[in-house]
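Enquirer: Here it is: the structure, laid out below.
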Amino acid sequence: MVGTWTLQVFDSAQSGGPVITHTFNLQHNSSSQLGIISPTDSQLIDLAEDEYFTATDATCPAPISHQEPGNATAACFSAGTNTGNQISWTANLQYATSGGFGTINDQRTFTTASGVMQNEVYQSEGGQIQMVANTTASDGSTVYDCAISYVEGPSGGVTPNSVITNQLVTSPASYSNSASYPSGGTPGLMAQVAEVESSYQQFVYSDLYFDLESYEFVAKWPNECPGGGACIGLMQVGPTIASSAWSWIINAETGVNLFSGNPPSGSNKISLATRYGSQIIALYPELSPLSGYQIENMALVLYGGAGSQQLDDQYYIPTCPPPGTVNGRQCQGATWQWTENTTGNPDGTAYADKVRAAQIPQ
Amino acid sequence: MKTSVFLSLVVFTFAVRAFADNDVHLVQLPSGMTSLESLRGADSSTVAKFMNRARPGDWGEVPKESVGESGWAAIGQGKDAFVVLLDFSGRGLFNKLMVYSPAKPGQVEVQELTGWGMGKLKDIIRDLDSNGEDELVIPTILGAPGGWLPASAAHTWSAVYRLDNGKYIEASRDFPNFYDKEVLPQLDKEITGAQQRFDEGRESAAGVALEEIQKDKILRVLGRDPTAGLQQAYQWMNSGDSQQVQCAIATFEDIGGHAKELSIAKQALQPALQREQAARSGG
């Protein structure tokens, strides 16, 4: 850490003050035996803007893999030495949510000549970069310099709402093109979910890291759900993995897949809601089949975090309307009908209703 | 003149819900099982099978991917209850905790408890008063039904459930030591940090409010200050900021008896959300 430091040595056999006090100044001096020039201490390197490539660190030369799609960010490493020797680097990018989810450990080693920039591309990942440079001094010893910088979310350029909406509503990976999209479904539903879950924000400003002086370091990090970030990002999907934390596109795809696609394990929410609906109908055969819109409401309760295996905790519940009377599972004098279950699951029904009421950002 | 007065009987009729409301069910153990003991060390697939074979008639299936961590809670007299975390969201939110307790021979009682973002069982199953019976510490969402807008800004408070005649009931107020030693000091630290950041211009007023409502809730639950947060709520409701307005709604609803203020705050929420949506892009 650059700055003025005081070293004090105490003797445990002697009471009182330090036996040695030494004050010194640390700096990255690239004209000396070794000094890191870039990135600087606590430098924030922005993840590139949305799906387009942008080298956000203006000091970087052209990125080495700019033709690759997705979010690419170049971090530029350079150091100076007056020894004339090569400089060896270790750059370790680490990330985890505040609760330890979505871990990234991306360690890279490379060498540079004095004053020459090495461009490392970080794609759909970010966090803290701990870098150590070393070279051989004129007396044969190894000298080191180190620094810490950060790759954060795209604080400079944000993804236009229209791009996110297109991804969720009309793209090949959209809800309406998903495997279990129900007949009569709502094409914009996943965009409404994104608005309710995250306000369309994959990243938010937060104090994920502390610097060496325990100063909370506020920057733009993946948008964690409460409880340490077990779920994350635009669709608040989980369990959090690195790619869903750092790529809004992967996050959007994961959310749609979970709701109505082919999630890696088990059934999607539309399928499970359909099965619960069928199980209720099996108990009350007079009920009409659920429409696509109704199945979506049932699925929203499951996605929203107030779901249950109890059939009387679903979005709809059978009711026997007046003048009918209930005798066992018979609705005598009337016919069973589906009714919104605000009593049995107030949280679940309110969540689904909030999604339905959400305005899709344009 | 003779005046006749007719009394009319107004009959309100309501639709009758199907299903009976029970929070504790008595179910038969599946054939081949004589007790819950065989579930020790069971994987999630085995637990899902057990739950689906030992379910009341008005329960749907439990998909195996919804089954999370399982474990045991001491319920006194040397008995343990089998405890299972469930997540129907598929997002790791874990909103249900199922408690299976030994009952009559061949039967178990099952109770469903609701939380939000329940993490690890080791943080949930605790013997807070060292009486040999485990309490359950369950993260519970703050605010109105349906959660916060956006959901990612929601906060929880830790509710304590203790055994009462073999059934878990919410009894947070009986455990002031837990809150004094573990919960309130941490909340005080977070409030101080948020206030300091706010003073330095690095935190919004909403960020401070979102920390404060957690402490206020606990002070109300413990009975130390039944109107904790009320004065701030009056400020929050007029802030024009959706997060602060939601803090006000949560506070008025929880304290109760402030219908007018609650109504004003609810009316202020939608315009605030719309203004904020218009002012931002994604990202």
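Order determines the names: the first chain of the structure tokens is A, the second B, and so forth; residues in each chain are numbered 1 upward, and ligands are numbered 1 upward as they are shown.
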Write out as number ranges by chain every residue belonging to chain B that has an atom at most 8 Å from any atom of chain A, counting only C-alpha atoms.

Expert: B: 13-19, 58-65, 87-96, 116-117, 119, 145-147, 149-156, 202, 277-278, 281-283

Enquirer: Can you write just those residues out, N, CA and C atoms, as a CSV table (one decimal), in the first residue's frame?

Expert:
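File out.csv, as written:
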chain,number,residue,atom,x,y,z
B,13,THR,N,-73.2,-13.9,1.8
B,13,THR,CA,-72.8,-15.2,1.4
B,13,THR,C,-71.4,-15.2,0.8
B,14,PHE,N,-70.6,-16.1,1.2
B,14,PHE,CA,-69.2,-16.2,0.7
B,14,PHE,C,-69.0,-17.6,0.0
B,15,ALA,N,-68.1,-17.6,-0.9
B,15,ALA,CA,-67.7,-18.8,-1.5
B,15,ALA,C,-66.9,-19.6,-0.4
B,16,VAL,N,-67.1,-20.9,-0.4
B,16,VAL,CA,-66.4,-21.7,0.6
B,16,VAL,C,-65.1,-22.3,0.0
B,17,ARG,N,-64.1,-22.1,0.7
B,17,ARG,CA,-62.8,-22.7,0.2
B,17,ARG,C,-62.7,-24.2,0.3
B,18,ALA,N,-62.1,-24.8,-0.6
B,18,ALA,CA,-61.7,-26.2,-0.4
B,18,ALA,C,-60.6,-26.3,0.5
B,19,PHE,N,-60.3,-27.5,1.0
B,19,PHE,CA,-59.2,-27.8,1.9
B,19,PHE,C,-59.4,-27.3,3.3
B,58,ASP,N,-53.9,-33.5,0.8
B,58,ASP,CA,-54.1,-32.3,0.1
B,58,ASP,C,-52.7,-31.6,-0.1
B,59,TRP,N,-51.7,-32.4,-0.2
B,59,TRP,CA,-50.4,-31.9,-0.5
B,59,TRP,C,-50.0,-32.4,-1.9
B,60,GLY,N,-49.3,-31.5,-2.7
B,60,GLY,CA,-48.8,-31.9,-4.0
B,60,GLY,C,-47.4,-32.6,-3.8
B,61,GLU,N,-46.9,-33.0,-4.9
B,61,GLU,CA,-45.6,-33.6,-4.8
B,61,GLU,C,-44.5,-32.6,-4.4
B,62,VAL,N,-43.5,-33.1,-3.8
B,62,VAL,CA,-42.3,-32.3,-3.5
B,62,VAL,C,-41.2,-32.8,-4.5
B,63,PRO,N,-40.8,-31.9,-5.5
B,63,PRO,CA,-39.8,-32.3,-6.4
B,63,PRO,C,-38.5,-32.4,-5.7
B,64,LYS,N,-37.7,-33.4,-6.1
B,64,LYS,CA,-36.4,-33.7,-5.4
B,64,LYS,C,-35.5,-32.5,-5.4
B,65,GLU,N,-35.6,-31.7,-6.5
B,65,GLU,CA,-34.7,-30.5,-6.6
B,65,GLU,C,-35.1,-29.4,-5.6
B,87,ASP,N,-37.1,-25.4,-1.1
B,87,ASP,CA,-37.0,-24.2,-1.9
B,87,ASP,C,-37.7,-24.5,-3.2
B,88,PHE,N,-38.9,-23.9,-3.3
B,88,PHE,CA,-39.7,-24.1,-4.5
B,88,PHE,C,-39.4,-23.1,-5.6
B,89,SER,N,-38.6,-22.1,-5.3
B,89,SER,CA,-38.2,-21.0,-6.2
B,89,SER,C,-37.2,-21.6,-7.2
B,90,GLY,N,-36.4,-22.5,-6.8
B,90,GLY,CA,-35.3,-23.0,-7.7
B,90,GLY,C,-34.1,-21.9,-7.7
B,91,ARG,N,-34.2,-21.0,-6.8
B,91,ARG,CA,-33.3,-19.9,-6.7
B,91,ARG,C,-32.5,-19.8,-5.4
B,92,GLY,N,-32.7,-20.9,-4.6
B,92,GLY,CA,-31.9,-20.9,-3.3
B,92,GLY,C,-32.6,-20.1,-2.3
B,93,LEU,N,-33.9,-19.7,-2.4
B,93,LEU,CA,-34.5,-18.9,-1.4
B,93,LEU,C,-34.9,-19.6,-0.2
B,94,PHE,N,-35.2,-20.9,-0.3
B,94,PHE,CA,-35.5,-21.7,0.9
B,94,PHE,C,-36.5,-21.1,1.8
B,95,ASN,N,-37.8,-21.1,1.4
B,95,ASN,CA,-38.8,-20.4,2.2
B,95,ASN,C,-39.6,-21.4,3.1
B,96,LYS,N,-39.4,-22.7,3.0
B,96,LYS,CA,-40.2,-23.6,3.9
B,96,LYS,C,-39.3,-24.4,4.7
B,116,TRP,N,-37.8,-16.8,4.9
B,116,TRP,CA,-37.4,-16.3,3.6
B,116,TRP,C,-35.9,-16.3,3.6
B,117,GLY,N,-35.3,-16.9,2.5
B,117,GLY,CA,-33.9,-16.9,2.4
B,117,GLY,C,-33.2,-17.6,3.6
B,119,GLY,N,-30.9,-20.0,5.3
B,119,GLY,CA,-29.6,-20.4,4.8
B,119,GLY,C,-29.3,-21.8,5.3
B,145,PRO,N,-47.1,-8.1,2.4
B,145,PRO,CA,-47.2,-9.4,1.6
B,145,PRO,C,-46.7,-9.2,0.2
B,146,GLY,N,-46.1,-10.2,-0.3
B,146,GLY,CA,-45.6,-10.1,-1.7
B,146,GLY,C,-44.2,-9.5,-1.8
B,147,GLY,N,-43.7,-9.0,-0.7
B,147,GLY,CA,-42.3,-8.6,-0.7
B,147,GLY,C,-42.0,-7.2,-1.1
B,149,LEU,N,-40.2,-4.1,-3.3
B,149,LEU,CA,-39.9,-3.8,-4.7
B,149,LEU,C,-38.7,-2.9,-4.8
B,150,PRO,N,-37.6,-3.3,-5.5
B,150,PRO,CA,-37.4,-4.7,-6.0
B,150,PRO,C,-37.1,-5.7,-4.9
B,151,ALA,N,-37.3,-6.9,-5.3
B,151,ALA,CA,-37.1,-8.0,-4.3
B,151,ALA,C,-35.7,-8.0,-3.8
B,152,SER,N,-34.8,-7.6,-4.6
B,152,SER,CA,-33.4,-7.7,-4.2
B,152,SER,C,-33.0,-6.7,-3.1
B,153,ALA,N,-33.9,-5.7,-2.8
B,153,ALA,CA,-33.7,-4.8,-1.7
B,153,ALA,C,-34.4,-5.2,-0.4
B,154,ALA,N,-35.0,-6.4,-0.4
B,154,ALA,CA,-35.7,-6.8,0.8
B,154,ALA,C,-34.8,-7.1,1.9
B,155,HIS,N,-35.3,-7.0,3.1
B,155,HIS,CA,-34.5,-7.4,4.3
B,155,HIS,C,-35.3,-8.3,5.2
B,156,THR,N,-34.7,-9.0,6.0
B,156,THR,CA,-35.3,-9.9,6.9
B,156,THR,C,-35.0,-9.6,8.4
B,202,ARG,N,-21.7,8.9,0.7
B,202,ARG,CA,-21.5,7.6,0.0
B,202,ARG,C,-22.7,6.6,0.2
B,277,GLN,N,-38.3,4.6,-12.3
B,277,GLN,CA,-38.1,3.7,-13.5
B,277,GLN,C,-37.8,4.6,-14.7
B,278,ALA,N,-38.5,5.8,-14.7
B,278,ALA,CA,-38.3,6.7,-15.9
B,278,ALA,C,-36.9,7.3,-15.8
B,281,SER,N,-31.7,3.5,-16.4
B,281,SER,CA,-31.5,2.5,-17.5
B,281,SER,C,-31.2,1.2,-16.8
B,282,GLY,N,-31.2,0.1,-17.6
B,282,GLY,CA,-30.8,-1.1,-17.0
B,282,GLY,C,-29.3,-1.1,-16.7
B,283,GLY,N,-28.7,-2.3,-16.3
B,283,GLY,CA,-27.3,-2.3,-16.1
B,283,GLY,C,-26.8,-3.2,-15.0

Enquirer: If you count only C-alpha atoms, which residues fall within 9 Å of Ala133 of chain A, apart from same-chain ones fewer than 5 positions away, as a PyMOL selection string?

Expert: chain A and resi 34-36+79+87-91+111+143-147

Enquirer: Would you put the residues from that selection into a file with N, CA and C atoms, as a CSV table (one decimal), in the first residue's frame?

Expert:
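Once everything was written out, this is result-v5.csv:
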chain,number,residue,atom,x,y,z
A,34,LEU,N,12.2,-1.9,-9.3
A,34,LEU,CA,10.9,-2.4,-9.8
A,34,LEU,C,9.8,-1.6,-9.3
A,35,GLY,N,8.9,-1.2,-10.2
A,35,GLY,CA,7.7,-0.5,-9.7
A,35,GLY,C,6.5,-0.7,-10.7
A,36,ILE,N,5.4,-1.1,-10.1
A,36,ILE,CA,4.2,-1.3,-10.9
A,36,ILE,C,3.6,0.1,-11.4
A,79,ALA,N,4.9,-2.5,-15.6
A,79,ALA,CA,5.8,-2.2,-14.5
A,79,ALA,C,7.1,-1.7,-15.2
A,87,ILE,N,10.1,-8.9,-16.2
A,87,ILE,CA,9.3,-8.8,-15.0
A,87,ILE,C,8.3,-10.0,-15.1
A,88,SER,N,8.3,-10.8,-14.0
A,88,SER,CA,7.3,-11.8,-13.9
A,88,SER,C,6.1,-11.4,-13.1
A,89,TRP,N,4.9,-11.7,-13.6
A,89,TRP,CA,3.7,-11.3,-12.9
A,89,TRP,C,2.8,-12.5,-12.5
A,90,THR,N,2.1,-12.3,-11.4
A,90,THR,CA,1.0,-13.1,-11.0
A,90,THR,C,-0.2,-12.2,-10.7
A,91,ALA,N,-1.3,-12.4,-11.5
A,91,ALA,CA,-2.5,-11.6,-11.3
A,91,ALA,C,-3.6,-12.5,-10.9
A,111,THR,N,4.9,-12.6,-18.3
A,111,THR,CA,6.1,-11.7,-18.2
A,111,THR,C,6.0,-10.5,-19.1
A,143,VAL,N,13.4,-8.9,-6.4
A,143,VAL,CA,12.6,-7.8,-5.8
A,143,VAL,C,11.2,-7.9,-6.2
A,144,TYR,N,10.3,-7.4,-5.4
A,144,TYR,CA,8.9,-7.5,-5.6
A,144,TYR,C,8.2,-6.2,-5.5
A,145,ASP,N,7.1,-6.1,-6.2
A,145,ASP,CA,6.1,-5.0,-6.0
A,145,ASP,C,4.7,-5.6,-6.1
A,146,CYS,N,3.8,-5.0,-5.4
A,146,CYS,CA,2.4,-5.6,-5.4
A,146,CYS,C,1.4,-4.4,-5.4
A,147,ALA,N,0.2,-4.7,-5.9
A,147,ALA,CA,-0.9,-3.8,-5.9
A,147,ALA,C,-2.2,-4.5,-5.9

Enquirer: If we count only C-alpha atoms, what is near Leu97 of chain B at a cut-off of 7 Å, once residues fewer than 3 positions away on the same chain are taken out, given as a PyMOL selection string?

Expert: chain B and resi 83-86+112-114

Enquirer: Enumerate, as a list in words, the complete set of residues in segment 16-48 of chain B that a backbone-based DSSP assignment places in alpha helix (DSSP H).

Expert: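 DSSP on the backbone gives alpha helix (DSSP H) at Ser44, Ser45, Thr46, Val47 and Ala48 of chain B.
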
Enquirer: One decimal, in Å: what's the spacing between atom CA of Ala252 of chain A and atom CA of Ser171 of chain A?

Expert: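 Answer for the atom CA of Ala252 of chain A to atom CA of Ser171 of chain A separation: 11.1 Å.
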